[in-house]
$ cat model16.txt   # compact mmCIF, N, CA and C atoms
# COMPACT_ATOMS: atom_id res chain seq x y z
N LEU A 1 -19.67 7.32 -11.01
CA LEU A 1 -19.10 6.03 -10.70
C LEU A 1 -20.20 5.07 -10.26
N GLU A 2 -21.08 5.57 -9.41
CA GLU A 2 -22.18 4.73 -8.93
C GLU A 2 -23.09 4.30 -10.08
N GLN A 3 -23.43 5.24 -10.93
CA GLN A 3 -24.29 4.91 -12.07
C GLN A 3 -23.60 3.94 -13.03
N ALA A 4 -22.31 4.14 -13.24
CA ALA A 4 -21.57 3.24 -14.13
C ALA A 4 -21.55 1.83 -13.56
N ALA A 5 -21.34 1.71 -12.25
CA ALA A 5 -21.32 0.39 -11.62
C ALA A 5 -22.68 -0.29 -11.75
N GLN A 6 -23.75 0.46 -11.56
CA GLN A 6 -25.08 -0.12 -11.72
C GLN A 6 -25.33 -0.54 -13.16
N ALA A 7 -24.87 0.26 -14.10
CA ALA A 7 -25.06 -0.08 -15.51
C ALA A 7 -24.33 -1.37 -15.87
N LEU A 8 -23.29 -1.69 -15.12
CA LEU A 8 -22.52 -2.91 -15.37
C LEU A 8 -23.02 -4.09 -14.54
N GLY A 9 -24.14 -3.90 -13.82
CA GLY A 9 -24.75 -5.02 -13.11
C GLY A 9 -24.57 -5.04 -11.61
N PHE A 10 -23.87 -4.06 -11.04
CA PHE A 10 -23.77 -4.00 -9.58
C PHE A 10 -25.14 -3.65 -9.01
N SER A 11 -25.45 -4.19 -7.85
CA SER A 11 -26.68 -3.78 -7.18
C SER A 11 -26.55 -2.32 -6.77
N PRO A 12 -27.66 -1.64 -6.56
CA PRO A 12 -27.57 -0.25 -6.12
C PRO A 12 -26.76 -0.11 -4.83
N GLU A 13 -26.93 -1.05 -3.91
CA GLU A 13 -26.20 -1.00 -2.65
C GLU A 13 -24.70 -1.18 -2.87
N ASP A 14 -24.33 -2.16 -3.69
CA ASP A 14 -22.91 -2.40 -3.94
C ASP A 14 -22.28 -1.25 -4.74
N ALA A 15 -23.03 -0.68 -5.65
CA ALA A 15 -22.53 0.46 -6.43
C ALA A 15 -22.28 1.66 -5.52
N ALA A 16 -23.20 1.89 -4.58
CA ALA A 16 -23.03 3.00 -3.64
C ALA A 16 -21.84 2.74 -2.74
N LEU A 17 -21.68 1.52 -2.27
CA LEU A 17 -20.55 1.17 -1.40
C LEU A 17 -19.23 1.33 -2.14
N LEU A 18 -19.17 0.84 -3.37
CA LEU A 18 -17.96 0.99 -4.19
C LEU A 18 -17.58 2.46 -4.33
N THR A 19 -18.55 3.28 -4.62
CA THR A 19 -18.31 4.71 -4.81
C THR A 19 -17.82 5.36 -3.53
N ARG A 20 -18.52 5.10 -2.43
CA ARG A 20 -18.12 5.70 -1.15
C ARG A 20 -16.72 5.27 -0.74
N GLN A 21 -16.43 3.99 -0.84
CA GLN A 21 -15.12 3.50 -0.42
C GLN A 21 -14.01 4.04 -1.30
N THR A 22 -14.26 4.12 -2.59
CA THR A 22 -13.25 4.64 -3.50
C THR A 22 -12.94 6.10 -3.19
N LEU A 23 -13.97 6.90 -3.06
CA LEU A 23 -13.77 8.33 -2.85
C LEU A 23 -13.28 8.67 -1.45
N THR A 24 -13.84 8.04 -0.43
CA THR A 24 -13.42 8.39 0.92
C THR A 24 -12.01 7.89 1.21
N GLY A 25 -11.66 6.74 0.68
CA GLY A 25 -10.30 6.23 0.88
C GLY A 25 -9.26 7.13 0.25
N ALA A 26 -9.52 7.50 -0.99
CA ALA A 26 -8.58 8.38 -1.69
C ALA A 26 -8.52 9.75 -1.02
N ALA A 27 -9.68 10.28 -0.66
CA ALA A 27 -9.72 11.61 -0.04
C ALA A 27 -8.99 11.62 1.30
N ALA A 28 -9.20 10.59 2.11
CA ALA A 28 -8.54 10.54 3.41
C ALA A 28 -7.03 10.45 3.26
N THR A 29 -6.59 9.65 2.30
CA THR A 29 -5.15 9.51 2.08
C THR A 29 -4.55 10.82 1.62
N LEU A 30 -5.20 11.49 0.69
CA LEU A 30 -4.69 12.77 0.20
C LEU A 30 -4.75 13.85 1.27
N ALA A 31 -5.81 13.84 2.08
CA ALA A 31 -5.97 14.85 3.13
C ALA A 31 -4.88 14.74 4.18
N SER A 32 -4.31 13.57 4.34
CA SER A 32 -3.25 13.39 5.33
C SER A 32 -2.01 14.19 4.94
N GLY A 33 -1.89 14.53 3.66
CA GLY A 33 -0.74 15.30 3.19
C GLY A 33 0.53 14.49 3.07
N GLU A 34 0.44 13.21 3.30
CA GLU A 34 1.64 12.36 3.28
C GLU A 34 1.99 11.85 1.88
N VAL A 35 1.07 12.00 0.95
CA VAL A 35 1.30 11.46 -0.39
C VAL A 35 0.68 12.40 -1.43
N SER A 36 1.32 12.54 -2.56
CA SER A 36 0.77 13.36 -3.64
C SER A 36 -0.25 12.53 -4.42
N PRO A 37 -1.12 13.18 -5.18
CA PRO A 37 -2.06 12.42 -6.00
C PRO A 37 -1.37 11.43 -6.94
N GLY A 38 -0.28 11.85 -7.56
CA GLY A 38 0.44 10.95 -8.47
C GLY A 38 1.03 9.75 -7.74
N ALA A 39 1.59 10.00 -6.56
CA ALA A 39 2.15 8.90 -5.77
C ALA A 39 1.06 7.94 -5.32
N LEU A 40 -0.09 8.46 -4.92
CA LEU A 40 -1.20 7.60 -4.53
C LEU A 40 -1.63 6.73 -5.69
N ARG A 41 -1.74 7.34 -6.87
CA ARG A 41 -2.13 6.57 -8.06
C ARG A 41 -1.15 5.43 -8.29
N ARG A 42 0.12 5.72 -8.19
CA ARG A 42 1.13 4.67 -8.40
C ARG A 42 1.04 3.59 -7.32
N GLN A 43 0.74 3.98 -6.09
CA GLN A 43 0.67 3.02 -4.99
C GLN A 43 -0.50 2.05 -5.13
N VAL A 44 -1.62 2.52 -5.66
CA VAL A 44 -2.81 1.66 -5.72
C VAL A 44 -2.99 0.97 -7.06
N THR A 45 -2.08 1.21 -7.98
CA THR A 45 -2.22 0.64 -9.32
C THR A 45 -1.27 -0.54 -9.50
N SER A 46 -1.86 -1.74 -9.52
CA SER A 46 -1.08 -2.95 -9.81
C SER A 46 -1.00 -3.12 -11.31
N GLN A 47 0.18 -3.43 -11.80
CA GLN A 47 0.34 -3.64 -13.24
C GLN A 47 -0.60 -4.74 -13.70
N GLY A 48 -1.42 -4.42 -14.69
CA GLY A 48 -2.38 -5.37 -15.23
C GLY A 48 -3.63 -5.56 -14.39
N GLY A 49 -3.78 -4.76 -13.32
CA GLY A 49 -4.93 -4.90 -12.43
C GLY A 49 -6.12 -4.04 -12.85
N ALA A 50 -7.15 -4.09 -12.02
CA ALA A 50 -8.39 -3.37 -12.31
C ALA A 50 -8.18 -1.86 -12.36
N THR A 51 -7.40 -1.33 -11.42
CA THR A 51 -7.15 0.11 -11.41
C THR A 51 -6.38 0.53 -12.65
N ALA A 52 -5.40 -0.27 -13.04
CA ALA A 52 -4.62 0.03 -14.25
C ALA A 52 -5.53 0.04 -15.48
N ALA A 53 -6.45 -0.91 -15.53
CA ALA A 53 -7.37 -0.97 -16.67
C ALA A 53 -8.26 0.27 -16.71
N ALA A 54 -8.79 0.65 -15.57
CA ALA A 54 -9.66 1.83 -15.51
C ALA A 54 -8.88 3.10 -15.85
N LEU A 55 -7.68 3.22 -15.30
CA LEU A 55 -6.87 4.41 -15.60
C LEU A 55 -6.46 4.47 -17.06
N GLY A 56 -6.28 3.30 -17.67
CA GLY A 56 -5.96 3.28 -19.10
C GLY A 56 -7.06 3.92 -19.93
N VAL A 57 -8.29 3.73 -19.49
CA VAL A 57 -9.42 4.36 -20.19
C VAL A 57 -9.49 5.84 -19.84
N LEU A 58 -9.41 6.16 -18.55
CA LEU A 58 -9.55 7.55 -18.11
C LEU A 58 -8.43 8.46 -18.58
N MET A 59 -7.24 7.92 -18.72
CA MET A 59 -6.09 8.75 -19.08
C MET A 59 -5.79 8.72 -20.58
N ASN A 60 -6.63 8.09 -21.34
CA ASN A 60 -6.47 8.03 -22.79
C ASN A 60 -6.70 9.44 -23.36
N PRO A 61 -5.73 9.99 -24.07
CA PRO A 61 -5.88 11.36 -24.59
C PRO A 61 -7.13 11.54 -25.46
N SER A 62 -7.56 10.51 -26.15
CA SER A 62 -8.74 10.64 -27.00
C SER A 62 -10.03 10.59 -26.20
N ALA A 63 -9.95 10.18 -24.93
CA ALA A 63 -11.15 10.12 -24.10
C ALA A 63 -11.59 11.50 -23.62
N SER A 64 -10.68 12.43 -23.59
CA SER A 64 -10.90 13.83 -23.22
C SER A 64 -11.39 14.05 -21.80
N LEU A 65 -11.18 13.10 -20.89
CA LEU A 65 -11.53 13.33 -19.49
C LEU A 65 -10.71 14.49 -18.94
N SER A 66 -9.45 14.56 -19.31
CA SER A 66 -8.61 15.65 -18.84
C SER A 66 -9.17 16.99 -19.29
N ASP A 67 -9.60 17.07 -20.55
CA ASP A 67 -10.19 18.31 -21.04
C ASP A 67 -11.47 18.64 -20.28
N LEU A 68 -12.27 17.63 -20.02
CA LEU A 68 -13.52 17.84 -19.30
C LEU A 68 -13.25 18.37 -17.88
N LEU A 69 -12.29 17.77 -17.19
CA LEU A 69 -11.95 18.24 -15.85
C LEU A 69 -11.38 19.65 -15.88
N THR A 70 -10.53 19.94 -16.85
CA THR A 70 -9.97 21.28 -16.97
C THR A 70 -11.08 22.30 -17.21
N ASP A 71 -12.01 21.97 -18.09
CA ASP A 71 -13.13 22.87 -18.35
C ASP A 71 -13.99 23.07 -17.10
N ALA A 72 -14.19 22.01 -16.33
CA ALA A 72 -14.99 22.11 -15.11
C ALA A 72 -14.31 23.01 -14.08
N VAL A 73 -13.02 22.85 -13.91
CA VAL A 73 -12.28 23.69 -12.96
C VAL A 73 -12.28 25.14 -13.44
N ARG A 74 -12.10 25.34 -14.73
CA ARG A 74 -12.11 26.70 -15.28
C ARG A 74 -13.48 27.36 -15.05
N ALA A 75 -14.55 26.62 -15.28
CA ALA A 75 -15.89 27.17 -15.08
C ALA A 75 -16.12 27.54 -13.62
N ALA A 76 -15.67 26.69 -12.71
CA ALA A 76 -15.81 26.99 -11.29
C ALA A 76 -14.97 28.20 -10.91
N ALA A 77 -13.76 28.26 -11.43
CA ALA A 77 -12.86 29.37 -11.10
C ALA A 77 -13.42 30.71 -11.58
N ARG A 78 -14.12 30.68 -12.67
CA ARG A 78 -14.72 31.93 -13.18
C ARG A 78 -15.77 32.48 -12.23
N ARG A 79 -16.34 31.59 -11.42
CA ARG A 79 -17.36 32.01 -10.47
C ARG A 79 -16.76 32.47 -9.15
N ARG A 80 -15.46 32.27 -8.98
CA ARG A 80 -14.79 32.60 -7.74
C ARG A 80 -13.70 33.62 -8.02
N PRO A 81 -13.94 34.89 -7.72
CA PRO A 81 -12.94 35.92 -8.03
C PRO A 81 -11.56 35.63 -7.46
N ARG A 82 -11.48 35.06 -6.27
CA ARG A 82 -10.17 34.78 -5.67
C ARG A 82 -9.37 33.80 -6.53
N HIS A 83 -10.04 32.80 -7.09
CA HIS A 83 -9.35 31.83 -7.92
C HIS A 83 -8.86 32.47 -9.23
N ARG A 84 -9.62 33.39 -9.76
CA ARG A 84 -9.19 34.08 -10.99
C ARG A 84 -7.89 34.82 -10.74
N ARG A 85 -7.78 35.47 -9.61
CA ARG A 85 -6.55 36.20 -9.30
C ARG A 85 -5.37 35.24 -9.13
N LEU A 86 -5.61 34.11 -8.51
CA LEU A 86 -4.53 33.16 -8.25
C LEU A 86 -4.04 32.47 -9.50
N ARG A 87 -4.93 32.18 -10.42
CA ARG A 87 -4.58 31.36 -11.56
C ARG A 87 -4.68 32.07 -12.91
N GLY A 88 -5.12 33.29 -12.91
CA GLY A 88 -5.22 34.02 -14.17
C GLY A 88 -6.25 33.45 -15.12
N VAL A 89 -7.30 32.86 -14.56
CA VAL A 89 -8.36 32.25 -15.39
C VAL A 89 -9.30 33.32 -15.90
$ encode --input "model16.txt" --output "structure tokens"
Amino acid sequence: LEQAAQALGFSPEDAALLTRQTLTGAAATLASGEVSPGALRRQVTSQGGATAAALGVLMNPSASLSDLLTDAVRAAARRRPRHRRLRGV
């Protein structure tokens, strides 16, 4: 995210701030246990807004981000015997 922001012209400082605020805000909200990831996404996504535009790219089936994340989780789970037992990976 930070590198992408810099590639689009954000200063290194602003790119780092954007990344930190995005990740820590979402993580804190999810850690509270009061909202599911899907509900959080719906809460922060204004129709036609910046988040909706970004999610439109990230959630595009042809973009394969979902496949990439699934592969990453599968690779990590293979390194953790406990996760293999829980998920049958």
$ residues_around --input "model16.txt" --residues "Leu1 of chain A" --least-positions-apart "4" --cutoff "6.5 Å" --atoms "only N, CA and C atoms" --output "number ranges by chain"
A: 5-6, 15, 19
$ atom_distance --input "model16.txt" --atom1 "atom CA of Thr51 of chain A" --atom2 "atom CA of Val35 of chain A"
17.9 Å
$ atom_distance --input "model16.txt" --atom1 "atom CA of Ala27 of chain A" --atom2 "atom CA of Leu68 of chain A"
20.6 Å
$ closest_residue --input "model16.txt" --among "A:Ala77, A:Leu18, A:Ala26, A:Ala4" --to "Gln43 of chain A" --atoms "only C-alpha atoms"
A:Ala26
